[in-house]
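Pasting coords-v3.cif here (mmCIF, C-alpha atoms):
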```
data_final
loop_
_atom_site.label_atom_id
_atom_site.label_comp_id
_atom_site.auth_asym_id
_atom_site.auth_seq_id
_atom_site.Cartn_x
_atom_site.Cartn_y
_atom_site.Cartn_z
CA MET A 1312 0.00 0.00 0.00
CA SER A 1313 2.70 2.45 0.96
CA ASP A 1314 4.45 1.94 -2.39
CA ASP A 1315 1.64 3.61 -4.26
CA GLU A 1316 2.39 7.19 -5.03
CA PRO A 1317 -0.73 9.24 -4.45
CA THR A 1318 0.99 12.22 -6.01
CA THR A 1319 0.34 11.43 -9.67
CA ASP A 1320 -3.20 12.67 -10.00
CA ALA A 1321 -3.51 15.20 -7.27
CA GLY A 1322 -3.87 18.08 -9.77
CA PRO A 1323 -7.22 19.82 -9.60
CA THR A 1324 -8.62 17.63 -6.85
CA SER A 1325 -6.35 18.77 -4.04
CA THR A 1326 -7.42 22.00 -2.44
CA ALA A 1327 -4.47 23.15 -0.41
CA GLY A 1328 -1.03 21.85 0.35
CA GLY A 1329 -0.35 20.27 -3.05
CA PRO A 1330 0.14 16.58 -3.75
CA ALA A 1331 0.17 15.38 -0.17
CA ALA A 1332 -3.28 16.69 0.79
CA SER A 1333 -4.52 14.67 3.74
CA GLY A 1334 -7.96 14.11 2.22
CA SER A 1335 -6.90 12.64 -1.13
CA GLY A 1336 -5.43 9.32 -2.20
CA PRO A 1337 -5.66 6.80 0.64
CA GLY A 1338 -6.83 9.71 2.78
CA ARG A 1339 -10.09 9.61 0.85
CA ILE A 1340 -10.91 6.26 2.44
CA LEU A 1341 -9.98 7.60 5.84
CA VAL A 1342 -12.31 10.54 5.29
CA ALA A 1343 -15.13 8.19 4.29
CA VAL A 1344 -14.69 6.01 7.38
CA TYR A 1345 -14.39 9.01 9.68
CA ALA A 1346 -17.49 10.60 8.17
CA LEU A 1347 -19.43 7.39 8.66
CA LEU A 1348 -18.32 7.06 12.28
CA ALA A 1349 -19.02 10.74 12.92
CA LEU A 1350 -22.53 10.16 11.62
CA ALA A 1351 -23.10 6.99 13.63
CA ALA A 1352 -21.62 8.38 16.84
CA THR A 1353 -23.46 11.69 16.60
CA GLY A 1354 -26.79 10.01 15.92
CA ARG A 1355 -26.41 7.53 18.72
CA SER A 1356 -25.19 9.98 21.33
CA VAL A 1357 -27.87 12.57 20.55
CA MET A 1358 -30.46 9.86 21.04
CA GLN A 1359 -28.92 8.48 24.23
CA ILE A 1360 -28.64 11.92 25.79
CA ALA A 1361 -32.12 12.99 24.69
CA LEU A 1362 -33.95 9.83 25.69
CA SER A 1363 -32.16 8.20 28.59
CA PHE A 1364 -29.42 10.45 29.90
CA ASP A 1365 -29.93 9.46 33.55
CA ARG A 1366 -29.16 5.85 32.88
CA ALA A 1367 -25.44 6.33 32.26
CA PRO A 1368 -24.47 10.00 32.21
CA LEU A 1369 -20.73 9.34 32.10
CA ALA A 1370 -20.89 6.89 29.21
CA TYR A 1371 -23.23 9.10 27.23
CA ILE A 1372 -21.15 12.23 27.74
CA LEU A 1373 -18.08 10.33 26.61
CA SER A 1374 -19.84 9.13 23.50
CA ALA A 1375 -20.88 12.69 22.73
CA VAL A 1376 -17.24 13.71 23.12
CA ALA A 1377 -16.30 10.90 20.75
CA ALA A 1378 -18.85 12.15 18.23
CA VAL A 1379 -17.44 15.67 18.35
CA ILE A 1380 -13.91 14.37 17.87
CA TYR A 1381 -14.96 12.32 14.84
CA VAL A 1382 -16.60 15.36 13.31
CA VAL A 1383 -13.52 17.51 13.94
CA ALA A 1384 -11.21 14.84 12.52
CA THR A 1385 -13.39 14.43 9.41
CA VAL A 1386 -13.47 18.14 8.69
CA ALA A 1387 -9.74 18.57 9.36
CA LEU A 1388 -8.83 15.64 7.08
CA VAL A 1389 -10.97 17.03 4.27
CA ARG A 1390 -9.50 20.52 4.57
CA GLY A 1391 -5.95 19.24 4.74
CA ASP A 1392 -4.01 22.47 5.02
CA ARG A 1393 -1.18 22.77 7.50
CA THR A 1394 -3.30 23.84 10.45
CA SER A 1395 -5.90 21.20 9.66
CA VAL A 1396 -3.29 18.47 9.66
CA ARG A 1397 -2.23 19.64 13.09
CA VAL A 1398 -5.84 19.75 14.28
CA ALA A 1399 -6.45 16.28 12.84
CA THR A 1400 -3.35 14.94 14.58
CA VAL A 1401 -4.48 16.29 17.94
CA ALA A 1402 -8.07 15.06 17.46
CA ILE A 1403 -6.98 11.59 16.40
CA THR A 1404 -4.49 11.35 19.27
CA ILE A 1405 -7.28 12.20 21.73
CA GLU A 1406 -9.40 9.60 19.93
CA LEU A 1407 -6.76 6.90 20.43
CA VAL A 1408 -6.31 7.76 24.11
CA GLY A 1409 -10.09 7.89 24.51
CA VAL A 1410 -10.86 4.56 22.92
CA VAL A 1411 -8.20 2.80 24.99
CA THR A 1412 -9.23 4.53 28.24
CA VAL A 1413 -12.95 4.02 27.75
CA GLY A 1414 -12.29 0.49 26.51
CA VAL A 1415 -10.48 -0.42 29.73
CA ALA A 1416 -12.99 1.48 31.89
CA SER A 1417 -15.95 -0.31 30.32
CA TYR A 1418 -14.49 -3.67 31.33
CA VAL A 1419 -13.50 -2.52 34.82
CA ASP A 1420 -16.65 -0.56 35.70
CA THR A 1421 -19.45 -2.30 33.85
CA ALA A 1422 -22.14 -0.45 35.83
CA ALA A 1423 -21.13 2.91 34.37
CA PHE A 1424 -21.33 1.55 30.81
CA PRO A 1425 -24.60 -0.38 30.52
CA ASP A 1426 -25.08 0.35 26.83
CA LYS A 1427 -22.70 0.06 23.99
CA THR A 1428 -21.16 3.34 22.99
CA VAL A 1429 -18.66 4.01 20.23
CA TRP A 1430 -15.63 3.61 22.45
CA SER A 1431 -16.83 1.13 25.07
CA HIS A 1432 -15.29 -2.35 24.91
CA PHE A 1433 -12.69 -0.97 22.50
CA GLY A 1434 -15.37 -0.27 19.92
CA SER A 1435 -16.53 -3.88 19.64
CA GLY A 1436 -20.02 -2.66 18.70
CA TYR A 1437 -18.48 -1.13 15.61
CA GLY A 1438 -16.30 -4.05 14.60
CA TYR A 1439 -13.29 -2.62 16.49
CA VAL A 1440 -13.02 0.02 13.78
CA PRO A 1441 -12.77 2.78 16.44
CA LEU A 1442 -9.63 1.07 17.81
CA VAL A 1443 -7.88 0.53 14.48
CA LEU A 1444 -8.88 3.80 12.85
CA PRO A 1445 -6.84 6.25 14.98
CA VAL A 1446 -3.71 4.14 14.46
CA LEU A 1447 -4.18 4.21 10.69
CA GLY A 1448 -5.07 7.89 10.89
CA LEU A 1449 -1.90 8.82 12.76
CA LEU A 1450 0.27 6.76 10.40
CA TRP A 1451 -1.31 8.46 7.42
CA LEU A 1452 -0.91 11.95 8.87
CA ARG A 1453 2.73 11.19 9.65
CA ARG A 1454 3.24 10.35 6.01
CA VAL A 1455 1.47 13.51 4.86
CA ARG A 1456 3.71 15.58 7.11
CA ALA A 1457 6.85 13.78 5.94
CA GLU A 1458 5.96 14.35 2.30
CA ARG A 1459 5.31 18.01 2.93
CA ALA A 1460 8.63 18.42 4.71
CA ARG A 1461 10.35 16.88 1.67
CA GLU A 1462 8.55 19.28 -0.66
CA ASP A 1463 9.57 22.22 1.47
CA LEU A 1464 13.20 21.14 1.24
CA SER A 1465 13.11 20.82 -2.54
CA ALA A 1466 11.12 23.99 -3.06
CA MET B 1014 -40.09 -3.83 7.41
CA LEU B 1015 -40.37 -5.24 3.96
CA LEU B 1016 -38.01 -8.16 3.92
CA TRP B 1017 -37.69 -8.20 0.14
CA LEU B 1018 -36.67 -4.54 0.15
CA THR B 1019 -34.04 -5.21 2.80
CA LEU B 1020 -32.75 -8.14 0.76
CA ALA B 1021 -32.68 -6.08 -2.44
CA LEU B 1022 -30.92 -3.16 -0.77
CA SER B 1023 -28.36 -5.27 1.06
CA GLY B 1024 -27.74 -7.27 -2.13
CA LEU B 1025 -27.25 -4.11 -4.15
CA SER B 1026 -24.86 -2.62 -1.59
CA VAL B 1027 -22.79 -5.82 -1.57
CA LEU B 1028 -22.70 -5.72 -5.39
CA LEU B 1029 -21.55 -2.12 -5.25
CA LEU B 1030 -18.88 -3.09 -2.72
CA LEU B 1031 -17.64 -5.90 -4.97
CA ALA B 1032 -17.76 -3.70 -8.06
CA ALA B 1033 -15.75 -1.01 -6.30
CA GLY B 1034 -13.15 -3.63 -5.37
CA TRP B 1035 -13.07 -4.86 -8.95
CA TYR B 1036 -12.66 -1.32 -10.31
CA ALA B 1037 -9.90 -0.61 -7.80
CA ALA B 1038 -8.07 -3.77 -8.85
CA ARG B 1039 -8.33 -2.76 -12.52
CA ASP B 1040 -7.35 0.80 -11.65
CA ARG B 1041 -10.54 2.23 -13.11
CA LEU B 1042 -12.28 5.39 -12.03
CA ILE B 1043 -15.94 5.83 -11.24
CA ASP B 1044 -18.12 5.67 -14.37
CA ASP B 1045 -21.78 5.72 -15.35
CA VAL B 1046 -22.30 2.12 -14.26
CA LEU B 1047 -21.18 2.74 -10.68
CA LEU B 1048 -22.90 6.11 -10.55
CA GLY B 1049 -26.08 4.45 -11.82
CA ALA B 1050 -25.83 1.69 -9.24
CA SER B 1051 -25.34 4.30 -6.51
CA ALA B 1052 -28.36 6.21 -7.80
CA VAL B 1053 -30.54 3.09 -7.80
CA LEU B 1054 -29.37 2.40 -4.25
CA VAL B 1055 -30.35 5.93 -3.18
CA VAL B 1056 -33.79 5.56 -4.75
CA GLY B 1057 -34.27 2.25 -2.92
CA LEU B 1058 -33.18 3.81 0.35
CA VAL B 1059 -35.64 6.66 -0.10
CA VAL B 1060 -38.42 4.11 -0.72
CA GLN B 1061 -37.32 2.37 2.46
CA LEU B 1062 -37.36 5.69 4.33
CA VAL B 1063 -40.93 6.44 3.26
CA ARG B 1064 -42.06 2.92 4.02
CA GLY B 1065 -40.27 2.95 7.38
CA LEU B 1066 -41.80 6.24 8.45
CA THR B 1067 -45.31 4.97 7.72
CA VAL B 1068 -44.87 1.85 9.84
CA MET B 1069 -42.57 3.07 12.61
CA GLY B 1070 -45.42 3.37 15.09
CA ALA B 1071 -45.35 -0.40 15.42
CA ILE B 1072 -42.03 -0.24 17.28
CA THR B 1073 -42.98 0.08 20.93
CA ASP B 1074 -39.62 0.91 22.52
CA ALA B 1075 -39.04 4.68 22.10
CA SER B 1076 -35.26 4.57 21.87
CA GLU B 1077 -35.29 1.66 19.42
CA ARG B 1078 -37.78 3.58 17.32
CA ALA B 1079 -35.51 6.62 17.38
CA THR B 1080 -32.54 4.51 16.26
CA PHE B 1081 -34.69 3.03 13.51
CA VAL B 1082 -35.65 6.46 12.21
CA ALA B 1083 -32.08 7.77 12.52
CA TYR B 1084 -30.79 4.93 10.32
CA LEU B 1085 -33.61 5.43 7.82
CA VAL B 1086 -32.96 9.14 7.45
CA THR B 1087 -29.16 8.81 7.34
CA LEU B 1088 -28.97 6.05 4.76
CA PRO B 1089 -29.91 7.87 1.52
CA PHE B 1090 -27.14 10.40 2.15
CA VAL B 1091 -24.36 7.84 2.40
CA PRO B 1092 -24.09 6.71 -1.27
CA VAL B 1093 -24.46 10.33 -2.39
CA ALA B 1094 -21.60 11.44 -0.17
CA THR B 1095 -19.26 8.58 -1.11
CA ALA B 1096 -20.02 8.95 -4.83
CA PHE B 1097 -19.11 12.62 -4.47
CA LEU B 1098 -15.85 11.70 -2.71
CA ALA B 1099 -15.14 9.16 -5.45
CA ILE B 1100 -15.73 11.65 -8.26
CA LYS B 1101 -13.38 14.16 -6.70
CA GLU B 1102 -10.58 11.63 -6.23
CA LYS B 1103 -8.89 10.77 -9.51
CA SER B 1104 -7.05 7.68 -8.38
CA ARG B 1105 -7.90 4.12 -7.48
CA TRP B 1106 -8.39 5.19 -3.87
CA SER B 1107 -11.71 6.69 -4.92
CA MET B 1108 -13.07 3.15 -5.04
CA GLY B 1109 -12.15 2.76 -1.39
CA ALA B 1110 -14.49 5.59 -0.45
CA LEU B 1111 -17.25 3.99 -2.49
CA ALA B 1112 -16.60 0.60 -0.89
CA VAL B 1113 -16.69 2.03 2.64
CA GLY B 1114 -20.01 3.69 1.89
CA ALA B 1115 -21.48 0.53 0.39
CA PHE B 1116 -20.37 -1.48 3.42
CA GLY B 1117 -21.89 1.10 5.75
CA VAL B 1118 -25.18 0.94 3.87
CA PHE B 1119 -25.16 -2.85 4.10
CA VAL B 1120 -24.62 -2.81 7.87
CA MET B 1121 -27.29 -0.17 8.48
CA VAL B 1122 -29.87 -1.85 6.25
CA VAL B 1123 -29.38 -5.10 8.13
CA ARG B 1124 -29.56 -3.25 11.46
CA ILE B 1125 -32.88 -1.68 10.42
CA GLN B 1126 -34.30 -5.11 9.67
CA GLN B 1127 -32.94 -6.42 12.96
CA ILE B 1128 -34.51 -3.60 14.99
CA TRP B 1129 -37.78 -4.23 13.20
CA GLU B 1130 -37.81 -7.93 13.91
CA LEU B 1131 -36.78 -7.64 17.54
CA HIS B 1132 -39.09 -4.82 18.55
CA VAL B 1133 -42.40 -5.25 16.79
#
```

Take the structure from the file and write it as structure tokens.
Amino acid sequence: MSDDEPTTDAGPTSTAGGPAASGSGPGRILVAVYALLALAATGRSVMQIALSFDRAPLAYILSAVAAVIYVVATVALVRGDRTSVRVATVAITIELVGVVTVGVASYVDTAAFPDKTVWSHFGSGYGYVPLVLPVLGLLWLRRVRAERAREDLSA
Amino acid sequence: MLLWLTLALSGLSVLLLLAAGWYAARDRLIDDVLLGASAVLVVGLVVQLVRGLTVMGAITDASERATFVAYLVTLPFVPVATAFLAIKEKSRWSMGALAVGAFGVFVMVVRIQQIWELHV
């Protein structure tokens, strides 16, 4: 996968930052997955908070936080300029810490997490995608940054 | 829910997923065939939305009903969004976006059927 050069066709499709835009090439898939998770997490947490907040306030607040982070990461990946890459890196790092923390907490303190949320049980309700995604996201962003640094040197 | 509609929609989304994989392997970009398939999928999902909204009263549990409606409303937007992503990306990765969307549609369509069968 990493041998493929995403730079060949970046032309008119990339908005800012030239060939290594974070939302094009393999980043396009990342954007799609993030958008889908943002949608799923937002929908679910709005419903949980609106309909049964008292049941598990902590878990529901955390899933709302997760939803916000997915939205931020999606937007930042699509925009892909320098600041956005930084924002995406921070958001995805928080996401990774969150999914691991909430994952552990949901096994330790089962009473606080009665329902499945995006991050509980390491995202098992979502096929463990929430656990794998931030790792892929950070690797991808690292590559975007590395490519940009190379361009800056040659420019 | 209408079982045949669920079967048709999940079948179509799996076909779209496979087609996207095939196109990616052949290094082809999105064309009229895939756009057409996405459009048919959207039309089907809108039919499902209308049908779902007319029968949703049968679901007794309020939060399950809310989930049901949320899935119904969300679904038609997914193929539109991923087709848009795929059109903008002029490389084989565009098919990845399409495949992710198709997979998401498949999961949500099955979930809708599951909610219906467990809570009516």

**OP:** Grab the CA of Leu1066 (chain B) to CA of Val1027 (chain B) distance for me, in Å with one decimal place.
**Re:** 24.6 Å

**OP:** Please evaluate the PyMOL selection byres ((chain A and resi 1384) around 9) against the displayed coordinates and give the resulting residues as number ranges by chain.
**Re:** A: 1342, 1345-1346, 1349, 1379-1383, 1385-1389, 1395, 1398-1403

Subject >> Residue nearest chain A - candidates B:Ser1023, B:Val1120, B:Thr1095, B:Gln1126, atoms counted: only C-alpha atoms >> reply: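 Selected residue with least distance to chain A: B:Thr1095.
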
Original post:
Separation of CA of Ser1076 (chain B) and CA of Gly1438 (chain A), in Å?
Top reply: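 Going from CA of Ser1076 (chain B) over to CA of Gly1438 (chain A), I get 22.1 Å.
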
Pull out every residue of chain A sitting within 7 Å of chain B, counting only C-alpha atoms, and send them as an mmCIF file with C-alpha atoms, keeping the file's coordinate frame.
```cif
data_model
loop_
_atom_site.group_PDB
_atom_site.id
_atom_site.type_symbol
_atom_site.label_atom_id
_atom_site.label_comp_id
_atom_site.auth_asym_id
_atom_site.auth_seq_id
_atom_site.Cartn_x
_atom_site.Cartn_y
_atom_site.Cartn_z
ATOM 1 C CA ASP A 1320 -3.200 12.670 -10.000
ATOM 2 C CA THR A 1324 -8.620 17.630 -6.850
ATOM 3 C CA SER A 1335 -6.900 12.640 -1.130
ATOM 4 C CA GLY A 1336 -5.430 9.320 -2.200
ATOM 5 C CA PRO A 1337 -5.660 6.800 0.640
ATOM 6 C CA ARG A 1339 -10.090 9.610 0.850
ATOM 7 C CA ILE A 1340 -10.910 6.260 2.440
ATOM 8 C CA ALA A 1343 -15.130 8.190 4.290
ATOM 9 C CA VAL A 1344 -14.690 6.010 7.380
ATOM 10 C CA GLY A 1354 -26.790 10.010 15.920
ATOM 11 C CA LEU A 1362 -33.950 9.830 25.690
#
```

Subject >> From B:Leu1085, B:Leu1022, B:Val1133, B:Leu1030, residue lying nearest Leu1054 (chain B) [only C-alpha atoms] >> reply: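 Looking only at the distances to Leu1054 (chain B), the closest residue turns out to be B:Leu1022.
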
Subject >> Coordinates-based distance that separates CA of Ala1352 (chain A) from CA of Ala1377 (chain A) (Å, one decimal) >> reply: 7.1 Å

Subject >> Counting only C-alpha atoms, the option among A:Gly1448, A:Ala1460, A:Ser1333, A:Leu1350 closest to Val1086 (chain B) >> reply: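 The shortest atom-to-atom distance to Val1086 (chain B) comes from A:Leu1350.
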
Give me, as a PDB file with C-alpha atoms, in the frame of the given file, all polymer residues having an atom no more than 10 Å from Pro1441 (chain A), counting all atoms listed in the file and skipping those fewer than 3 positions away in the same chain.
```pdb
ATOM      1  CA  VAL A1344     -14.690   6.010   7.380  1.00  0.00           C
ATOM      2  CA  TYR A1345     -14.390   9.010   9.680  1.00  0.00           C
ATOM      3  CA  LEU A1348     -18.320   7.060  12.280  1.00  0.00           C
ATOM      4  CA  ALA A1377     -16.300  10.900  20.750  1.00  0.00           C
ATOM      5  CA  TYR A1381     -14.960  12.320  14.840  1.00  0.00           C
ATOM      6  CA  GLU A1406      -9.400   9.600  19.930  1.00  0.00           C
ATOM      7  CA  LEU A1407      -6.760   6.900  20.430  1.00  0.00           C
ATOM      8  CA  GLY A1409     -10.090   7.890  24.510  1.00  0.00           C
ATOM      9  CA  VAL A1410     -10.860   4.560  22.920  1.00  0.00           C
ATOM     10  CA  VAL A1411      -8.200   2.800  24.990  1.00  0.00           C
ATOM     11  CA  VAL A1429     -18.660   4.010  20.230  1.00  0.00           C
ATOM     12  CA  TRP A1430     -15.630   3.610  22.450  1.00  0.00           C
ATOM     13  CA  SER A1431     -16.830   1.130  25.070  1.00  0.00           C
ATOM     14  CA  PHE A1433     -12.690  -0.970  22.500  1.00  0.00           C
ATOM     15  CA  GLY A1434     -15.370  -0.270  19.920  1.00  0.00           C
ATOM     16  CA  SER A1435     -16.530  -3.880  19.640  1.00  0.00           C
ATOM     17  CA  GLY A1436     -20.020  -2.660  18.700  1.00  0.00           C
ATOM     18  CA  TYR A1437     -18.480  -1.130  15.610  1.00  0.00           C
ATOM     19  CA  GLY A1438     -16.300  -4.050  14.600  1.00  0.00           C
ATOM     20  CA  LEU A1444      -8.880   3.800  12.850  1.00  0.00           C
ATOM     21  CA  PRO A1445      -6.840   6.250  14.980  1.00  0.00           C
ATOM     22  CA  VAL A1446      -3.710   4.140  14.460  1.00  0.00           C
TER      23      VAL A1446
END
```

**OP:** Output the residue selection produced by the PyMOL selection byres ((chain B and resi 1129) around 12) on the file above, formatted as a PyMOL selection string.
**Re:** chain B and resi 1014-1016+1019+1065+1068-1074+1077-1082+1084-1085+1122-1128+1130-1133

Take every atom of region 1402-1410 of chain A listed in the file, fit an axis-aligned box around them, add 6 Å per side, and give the centre and edge lengths in Å to one decimal as lines of an AutoDock Vina configuration file.
```
center_x = -7.7
center_y = 9.8
center_z = 20.5
size_x = 18.4
size_y = 22.5
size_z = 20.1
```

**OP:** Excluding Ile1372 (chain A) and any residue of its chain fewer than 5 positions from it, enumerate the residues within 12 Å of it, using all atoms listed in the file, and give them as a list in words.
**Re:**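 Listing them by chain and then by number gives Ala1352, Thr1353, Arg1355, Ser1356, Val1357, Met1358, Gln1359, Ile1360, Ala1361, Ser1363, Phe1364, Asp1365, Arg1366, Ala1367, Ala1377, Ala1378, Val1379, Val1413, Ala1423, Phe1424, Thr1428, Val1429 and Trp1430 of chain A.
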
**OP:** Mind checking which residues fall within 9 Å of Leu1047 (chain B), counting only C-alpha atoms, ignoring those fewer than 5 positions away in the same chain, and posting them as a PyMOL selection string?
**Re:** chain B and resi 1029+1032-1033+1052+1096
